[in-house]
$ cat protein02.txt   # compact mmCIF, N, CA and C atoms
# COMPACT_ATOMS: atom_id res chain seq x y z
N MET A 764 96.52 109.85 96.88
CA MET A 764 96.59 108.42 96.67
C MET A 764 98.03 107.98 96.42
N ARG A 765 98.79 108.84 95.74
CA ARG A 765 100.18 108.45 95.46
C ARG A 765 101.02 108.38 96.73
N TYR A 766 100.65 109.19 97.74
CA TYR A 766 101.38 109.12 99.01
C TYR A 766 101.12 107.80 99.72
N ILE A 767 99.90 107.32 99.64
CA ILE A 767 99.57 106.04 100.25
C ILE A 767 100.33 104.92 99.56
N LEU A 768 100.42 104.97 98.25
CA LEU A 768 101.17 103.96 97.49
C LEU A 768 102.65 103.98 97.89
N LEU A 769 103.21 105.18 98.02
CA LEU A 769 104.60 105.28 98.46
C LEU A 769 104.78 104.71 99.87
N LEU A 770 103.84 105.02 100.76
CA LEU A 770 103.93 104.49 102.13
C LEU A 770 103.83 102.96 102.14
N LEU A 771 102.98 102.42 101.28
CA LEU A 771 102.82 100.97 101.22
C LEU A 771 104.06 100.27 100.68
N ILE A 772 104.91 101.00 100.00
CA ILE A 772 106.15 100.42 99.49
C ILE A 772 107.32 100.69 100.43
N ILE A 773 107.44 101.93 100.89
CA ILE A 773 108.60 102.34 101.67
C ILE A 773 108.56 101.80 103.10
N VAL A 774 107.41 101.89 103.77
CA VAL A 774 107.33 101.49 105.18
C VAL A 774 107.66 100.00 105.38
N PRO A 775 107.06 99.07 104.61
CA PRO A 775 107.43 97.67 104.82
C PRO A 775 108.91 97.38 104.52
N ALA A 776 109.45 98.04 103.50
CA ALA A 776 110.87 97.84 103.19
C ALA A 776 111.75 98.34 104.33
N ALA A 777 111.41 99.49 104.88
CA ALA A 777 112.18 100.02 106.01
C ALA A 777 112.02 99.13 107.25
N GLU A 778 110.80 98.64 107.48
CA GLU A 778 110.56 97.75 108.62
C GLU A 778 111.39 96.47 108.50
N ILE A 779 111.44 95.90 107.32
CA ILE A 779 112.24 94.68 107.12
C ILE A 779 113.70 94.96 107.40
N GLY A 780 114.19 96.09 106.92
CA GLY A 780 115.58 96.46 107.17
C GLY A 780 115.89 96.62 108.65
N VAL A 781 115.00 97.31 109.36
CA VAL A 781 115.21 97.52 110.80
C VAL A 781 115.10 96.20 111.56
N LEU A 782 114.16 95.35 111.17
CA LEU A 782 114.02 94.05 111.84
C LEU A 782 115.25 93.17 111.60
N LEU A 783 115.78 93.18 110.38
CA LEU A 783 117.00 92.42 110.09
C LEU A 783 118.18 92.96 110.90
N LEU A 784 118.30 94.27 110.96
CA LEU A 784 119.37 94.89 111.74
C LEU A 784 119.23 94.53 113.22
N SER A 785 118.01 94.61 113.73
CA SER A 785 117.77 94.26 115.13
C SER A 785 118.05 92.79 115.39
N GLY A 786 117.64 91.93 114.47
CA GLY A 786 117.91 90.50 114.63
C GLY A 786 119.39 90.19 114.66
N ASN A 787 120.16 90.91 113.83
CA ASN A 787 121.61 90.71 113.82
C ASN A 787 122.28 91.31 115.04
N THR A 788 121.73 92.38 115.57
CA THR A 788 122.35 93.08 116.70
C THR A 788 122.02 92.41 118.04
N ILE A 789 120.73 92.23 118.32
CA ILE A 789 120.37 91.68 119.63
C ILE A 789 119.92 90.23 119.58
N GLY A 790 119.70 89.70 118.40
CA GLY A 790 119.30 88.31 118.26
C GLY A 790 117.84 88.14 117.88
N LEU A 791 117.52 86.94 117.44
CA LEU A 791 116.17 86.64 116.97
C LEU A 791 115.14 86.67 118.10
N TRP A 792 115.41 85.96 119.20
CA TRP A 792 114.42 85.85 120.27
C TRP A 792 114.14 87.17 120.98
N PRO A 793 115.16 87.97 121.29
CA PRO A 793 114.83 89.29 121.89
C PRO A 793 114.02 90.17 120.93
N THR A 794 114.34 90.09 119.63
CA THR A 794 113.59 90.88 118.65
C THR A 794 112.13 90.44 118.62
N LEU A 795 111.89 89.14 118.59
CA LEU A 795 110.52 88.63 118.61
C LEU A 795 109.80 89.00 119.90
N ALA A 796 110.50 88.92 121.03
CA ALA A 796 109.90 89.27 122.31
C ALA A 796 109.49 90.74 122.35
N ILE A 797 110.33 91.61 121.81
CA ILE A 797 110.01 93.05 121.78
C ILE A 797 108.78 93.30 120.90
N ILE A 798 108.72 92.64 119.76
CA ILE A 798 107.59 92.82 118.84
C ILE A 798 106.29 92.35 119.50
N ILE A 799 106.33 91.19 120.16
CA ILE A 799 105.13 90.68 120.83
C ILE A 799 104.74 91.59 121.99
N PHE A 800 105.72 92.04 122.77
CA PHE A 800 105.45 92.91 123.91
C PHE A 800 104.81 94.22 123.46
N THR A 801 105.34 94.85 122.41
CA THR A 801 104.76 96.12 121.95
C THR A 801 103.36 95.91 121.39
N GLY A 802 103.10 94.77 120.79
CA GLY A 802 101.75 94.48 120.32
C GLY A 802 100.76 94.37 121.45
N ILE A 803 101.14 93.64 122.51
CA ILE A 803 100.26 93.48 123.67
C ILE A 803 100.07 94.82 124.39
N LEU A 804 101.16 95.55 124.60
CA LEU A 804 101.09 96.85 125.25
C LEU A 804 100.25 97.83 124.42
N GLY A 805 100.42 97.80 123.12
CA GLY A 805 99.65 98.68 122.24
C GLY A 805 98.17 98.38 122.30
N ALA A 806 97.80 97.10 122.31
CA ALA A 806 96.39 96.73 122.40
C ALA A 806 95.80 97.20 123.73
N TYR A 807 96.55 97.04 124.80
CA TYR A 807 96.08 97.46 126.13
C TYR A 807 95.87 98.98 126.18
N LEU A 808 96.89 99.72 125.72
CA LEU A 808 96.81 101.19 125.76
C LEU A 808 95.69 101.71 124.86
N ALA A 809 95.56 101.12 123.67
CA ALA A 809 94.52 101.58 122.74
C ALA A 809 93.13 101.30 123.32
N LYS A 810 92.95 100.15 123.94
CA LYS A 810 91.65 99.83 124.55
C LYS A 810 91.34 100.79 125.69
N LYS A 811 92.31 101.00 126.56
CA LYS A 811 92.11 101.88 127.72
C LYS A 811 91.79 103.31 127.27
N GLN A 812 92.60 103.85 126.38
CA GLN A 812 92.38 105.22 125.94
C GLN A 812 91.14 105.34 125.06
N GLY A 813 90.86 104.30 124.27
CA GLY A 813 89.67 104.32 123.43
C GLY A 813 88.40 104.36 124.25
N LEU A 814 88.32 103.53 125.30
CA LEU A 814 87.14 103.55 126.17
C LEU A 814 87.00 104.89 126.89
N GLU A 815 88.13 105.45 127.31
CA GLU A 815 88.11 106.77 127.95
C GLU A 815 87.60 107.84 126.99
N THR A 816 88.02 107.76 125.75
CA THR A 816 87.59 108.72 124.74
C THR A 816 86.10 108.57 124.44
N ILE A 817 85.61 107.32 124.38
CA ILE A 817 84.18 107.10 124.15
C ILE A 817 83.36 107.69 125.30
N ARG A 818 83.81 107.47 126.53
CA ARG A 818 83.10 108.04 127.69
C ARG A 818 83.09 109.57 127.63
N LYS A 819 84.22 110.15 127.26
CA LYS A 819 84.32 111.61 127.16
C LYS A 819 83.38 112.13 126.07
N MET A 820 83.31 111.42 124.95
CA MET A 820 82.43 111.83 123.85
C MET A 820 80.97 111.75 124.27
N GLN A 821 80.60 110.67 124.96
CA GLN A 821 79.22 110.54 125.44
C GLN A 821 78.85 111.65 126.41
N GLU A 822 79.79 112.01 127.27
CA GLU A 822 79.55 113.08 128.23
C GLU A 822 79.36 114.42 127.50
N GLN A 823 80.19 114.68 126.50
CA GLN A 823 80.05 115.92 125.75
C GLN A 823 78.72 115.96 125.01
N LEU A 824 78.31 114.84 124.43
CA LEU A 824 77.03 114.81 123.73
C LEU A 824 75.86 114.96 124.70
N ARG A 825 76.00 114.41 125.89
CA ARG A 825 74.96 114.53 126.91
C ARG A 825 74.71 115.99 127.28
N TYR A 826 75.78 116.79 127.30
CA TYR A 826 75.66 118.21 127.64
C TYR A 826 75.48 119.10 126.41
N GLY A 827 75.25 118.50 125.26
CA GLY A 827 74.97 119.27 124.05
C GLY A 827 76.19 119.91 123.41
N GLN A 828 77.37 119.41 123.71
CA GLN A 828 78.59 119.95 123.12
C GLN A 828 79.00 119.10 121.92
N MET A 829 79.64 119.73 120.96
CA MET A 829 80.17 119.00 119.80
C MET A 829 81.49 118.35 120.19
N PRO A 830 81.64 117.04 119.99
CA PRO A 830 82.86 116.35 120.40
C PRO A 830 83.94 116.32 119.31
N GLY A 831 84.17 117.45 118.65
CA GLY A 831 85.13 117.48 117.55
C GLY A 831 86.54 117.08 117.95
N ASP A 832 87.04 117.66 119.02
CA ASP A 832 88.39 117.34 119.50
C ASP A 832 88.48 115.88 119.96
N THR A 833 87.42 115.41 120.56
CA THR A 833 87.39 114.03 121.04
C THR A 833 87.36 113.05 119.88
N ILE A 834 86.69 113.41 118.80
CA ILE A 834 86.67 112.55 117.62
C ILE A 834 88.07 112.44 117.03
N LEU A 835 88.79 113.56 116.98
CA LEU A 835 90.17 113.52 116.49
C LEU A 835 91.05 112.66 117.41
N ASP A 836 90.81 112.74 118.72
CA ASP A 836 91.51 111.86 119.66
C ASP A 836 91.23 110.41 119.32
N GLY A 837 89.97 110.09 119.06
CA GLY A 837 89.59 108.73 118.73
C GLY A 837 90.25 108.23 117.46
N VAL A 838 90.34 109.09 116.45
CA VAL A 838 91.00 108.71 115.21
C VAL A 838 92.48 108.42 115.46
N CYS A 839 93.13 109.30 116.23
CA CYS A 839 94.55 109.10 116.54
C CYS A 839 94.77 107.81 117.34
N ILE A 840 93.89 107.53 118.28
CA ILE A 840 94.02 106.31 119.09
C ILE A 840 93.80 105.08 118.22
N LEU A 841 92.83 105.13 117.33
CA LEU A 841 92.57 104.00 116.44
C LEU A 841 93.76 103.72 115.53
N VAL A 842 94.30 104.75 114.93
CA VAL A 842 95.46 104.57 114.04
C VAL A 842 96.68 104.14 114.84
N GLY A 843 96.89 104.75 116.01
CA GLY A 843 98.02 104.37 116.86
C GLY A 843 97.95 102.92 117.31
N GLY A 844 96.77 102.47 117.72
CA GLY A 844 96.60 101.08 118.13
C GLY A 844 96.84 100.12 116.98
N THR A 845 96.36 100.48 115.80
CA THR A 845 96.58 99.64 114.62
C THR A 845 98.06 99.56 114.28
N LEU A 846 98.76 100.67 114.36
CA LEU A 846 100.20 100.66 114.07
C LEU A 846 100.97 99.83 115.10
N LEU A 847 100.53 99.86 116.35
CA LEU A 847 101.22 99.08 117.38
C LEU A 847 100.97 97.58 117.21
N LEU A 848 99.86 97.22 116.64
CA LEU A 848 99.59 95.80 116.38
C LEU A 848 100.33 95.30 115.14
N THR A 849 100.76 96.22 114.29
CA THR A 849 101.54 95.87 113.11
C THR A 849 102.97 95.59 113.54
N PRO A 850 103.54 94.44 113.16
CA PRO A 850 104.91 94.13 113.60
C PRO A 850 105.93 95.08 112.97
N GLY A 851 106.81 95.58 113.79
CA GLY A 851 107.87 96.45 113.32
C GLY A 851 108.17 97.56 114.31
N PHE A 852 109.39 98.06 114.24
CA PHE A 852 109.81 99.08 115.19
C PHE A 852 109.41 100.49 114.75
N ILE A 853 109.40 100.76 113.47
CA ILE A 853 109.04 102.09 112.99
C ILE A 853 107.55 102.35 113.24
N THR A 854 106.71 101.38 112.88
CA THR A 854 105.28 101.56 113.12
C THR A 854 104.97 101.61 114.61
N ASP A 855 105.75 100.89 115.43
CA ASP A 855 105.56 100.96 116.88
C ASP A 855 105.89 102.35 117.41
N ALA A 856 106.96 102.94 116.92
CA ALA A 856 107.35 104.28 117.37
C ALA A 856 106.27 105.30 117.01
N VAL A 857 105.76 105.24 115.79
CA VAL A 857 104.71 106.17 115.38
C VAL A 857 103.43 105.90 116.17
N GLY A 858 103.11 104.61 116.38
CA GLY A 858 101.92 104.26 117.15
C GLY A 858 101.96 104.77 118.57
N PHE A 859 103.12 104.64 119.23
CA PHE A 859 103.24 105.16 120.60
C PHE A 859 103.11 106.67 120.64
N THR A 860 103.63 107.37 119.63
CA THR A 860 103.48 108.83 119.62
C THR A 860 102.03 109.24 119.40
N LEU A 861 101.27 108.40 118.66
CA LEU A 861 99.84 108.70 118.48
C LEU A 861 99.04 108.43 119.75
N LEU A 862 99.51 107.53 120.59
CA LEU A 862 98.79 107.23 121.83
C LEU A 862 99.20 108.14 122.99
N ALA A 863 100.36 108.75 122.91
CA ALA A 863 100.82 109.64 123.97
C ALA A 863 100.12 111.00 123.83
N PRO A 864 99.39 111.45 124.85
CA PRO A 864 98.64 112.71 124.74
C PRO A 864 99.46 113.94 124.33
N PRO A 865 100.70 114.13 124.82
CA PRO A 865 101.43 115.34 124.39
C PRO A 865 101.75 115.36 122.89
N THR A 866 102.16 114.22 122.35
CA THR A 866 102.48 114.19 120.92
C THR A 866 101.23 114.04 120.06
N ARG A 867 100.16 113.53 120.65
CA ARG A 867 98.89 113.40 119.91
C ARG A 867 98.37 114.77 119.51
N ARG A 868 98.63 115.79 120.34
CA ARG A 868 98.19 117.15 120.01
C ARG A 868 98.78 117.61 118.68
N LEU A 869 100.03 117.28 118.44
CA LEU A 869 100.68 117.65 117.18
C LEU A 869 99.98 116.97 116.01
N TYR A 870 99.70 115.68 116.13
CA TYR A 870 99.02 114.96 115.06
C TYR A 870 97.61 115.50 114.83
N LYS A 871 96.93 115.88 115.92
CA LYS A 871 95.58 116.43 115.77
C LYS A 871 95.61 117.76 115.03
N ARG A 872 96.62 118.57 115.31
CA ARG A 872 96.75 119.84 114.58
C ARG A 872 96.97 119.60 113.10
N ILE A 873 97.84 118.63 112.79
CA ILE A 873 98.11 118.30 111.38
C ILE A 873 96.84 117.78 110.72
N LEU A 874 96.11 116.90 111.40
CA LEU A 874 94.88 116.34 110.86
C LEU A 874 93.83 117.42 110.66
N LEU A 875 93.70 118.32 111.61
CA LEU A 875 92.73 119.41 111.50
C LEU A 875 93.08 120.34 110.34
N THR A 876 94.36 120.63 110.18
CA THR A 876 94.79 121.46 109.06
C THR A 876 94.46 120.79 107.73
N GLY A 877 94.69 119.49 107.64
CA GLY A 877 94.37 118.75 106.42
C GLY A 877 92.88 118.75 106.12
N ILE A 878 92.06 118.57 107.15
CA ILE A 878 90.61 118.58 106.96
C ILE A 878 90.14 119.96 106.50
N LYS A 879 90.71 121.02 107.10
CA LYS A 879 90.34 122.38 106.68
C LYS A 879 90.71 122.62 105.22
N LYS A 880 91.89 122.13 104.79
CA LYS A 880 92.29 122.29 103.39
C LYS A 880 91.35 121.55 102.46
N TRP A 881 90.95 120.33 102.85
CA TRP A 881 90.01 119.56 102.03
C TRP A 881 88.68 120.29 101.91
N MET A 882 88.24 120.92 103.01
CA MET A 882 86.99 121.64 102.98
C MET A 882 87.09 122.88 102.08
N GLU A 883 88.23 123.59 102.14
CA GLU A 883 88.41 124.77 101.31
C GLU A 883 88.48 124.41 99.83
N LYS A 884 89.12 123.28 99.51
CA LYS A 884 89.22 122.84 98.12
C LYS A 884 87.90 122.27 97.60
N GLY A 885 87.06 121.87 98.52
CA GLY A 885 85.79 121.29 98.12
C GLY A 885 85.87 119.78 97.88
N THR A 886 86.97 119.15 98.31
CA THR A 886 87.10 117.71 98.12
C THR A 886 86.42 116.91 99.23
N ILE A 887 85.99 117.60 100.27
CA ILE A 887 85.24 116.96 101.36
C ILE A 887 84.06 117.87 101.68
N THR A 888 82.93 117.27 101.94
CA THR A 888 81.73 118.05 102.21
C THR A 888 81.22 117.70 103.59
N ILE A 889 80.95 118.71 104.39
CA ILE A 889 80.38 118.53 105.71
C ILE A 889 78.90 118.82 105.61
N ILE A 890 78.06 117.83 105.94
CA ILE A 890 76.61 118.01 105.90
C ILE A 890 76.12 118.27 107.30
N ARG A 891 75.41 119.36 107.48
CA ARG A 891 74.90 119.72 108.81
C ARG A 891 73.40 119.64 108.84

$ encode --input "protein02.txt" --output "structure tokens"
Amino acid sequence: MRYILLLLIIVPAAEIGVLLLSGNTIGLWPTLAIIIFTGILGAYLAKKQGLETIRKMQEQLRYGQMPGDTILDGVCILVGGTLLLTPGFITDAVGFTLLAPPTRRLYKRILLTGIKKWMEKGTITIIR
């Protein structure tokens, strides 16, 4: 919980700093245009990849397979799309890396490792 609190303080402060720097460097209107463009592009990419992931999950369930990897893809796409809709350059960069399949693998490994640690500690329970 303390990490989330730190992120809620540090990320907006860093975003404001980067936006002010960008506004001073390239100007107000180009900065606003970039923010709006990344929001629209992020929504489009998240919708496209999200629908593809849902179709893949349905297909795996149809054949009796567990869609564990696909669920992690869906989580990464959801978080990435949300970050891209949030105004700012830092959140946009992280959001794009969550939507890009090569870098998404890294995030999925980190997420899977975290889930395994939670299960070993007993802080999360999987009911079968």

$ atom_distance --input "protein02.txt" --atom1 "atom CA of Gly844 of chain A" --atom2 "atom CA of Arg867 of chain A"
12.7 Å

$ atom_distance --input "protein02.txt" --atom1 "atom CA of Ile834 of chain A" --atom2 "atom CA of Leu862 of chain A"
13.9 Å

$ closest_residue --input "protein02.txt" --among "A:Arg818, A:Arg765, A:Lys880, A:Arg872" --to "Pro830 of chain A" --atoms "only C-alpha atoms"
A:Arg818

$ residues_around --input "protein02.txt" --residues "Thr816 of chain A" --least-positions-apart "3" --cutoff "8 Å" --atoms "only C-alpha atoms" --output "PyMOL selection string"
chain A and resi 812-813+819-820+833+836-837

$ residues_around --input "protein02.txt" --residues "segment 795-807 of chain A" --least-positions-apart "4" --cutoff "8 Å" --atoms "all atoms listed in the file" --output "PyMOL selection string"
chain A and resi 785-786+790-791+811-813+843-852+855+858-859

$ atom_distance --input "protein02.txt" --atom1 "atom N of Leu784 of chain A" --atom2 "atom C of Ala863 of chain A"
27.9 Å
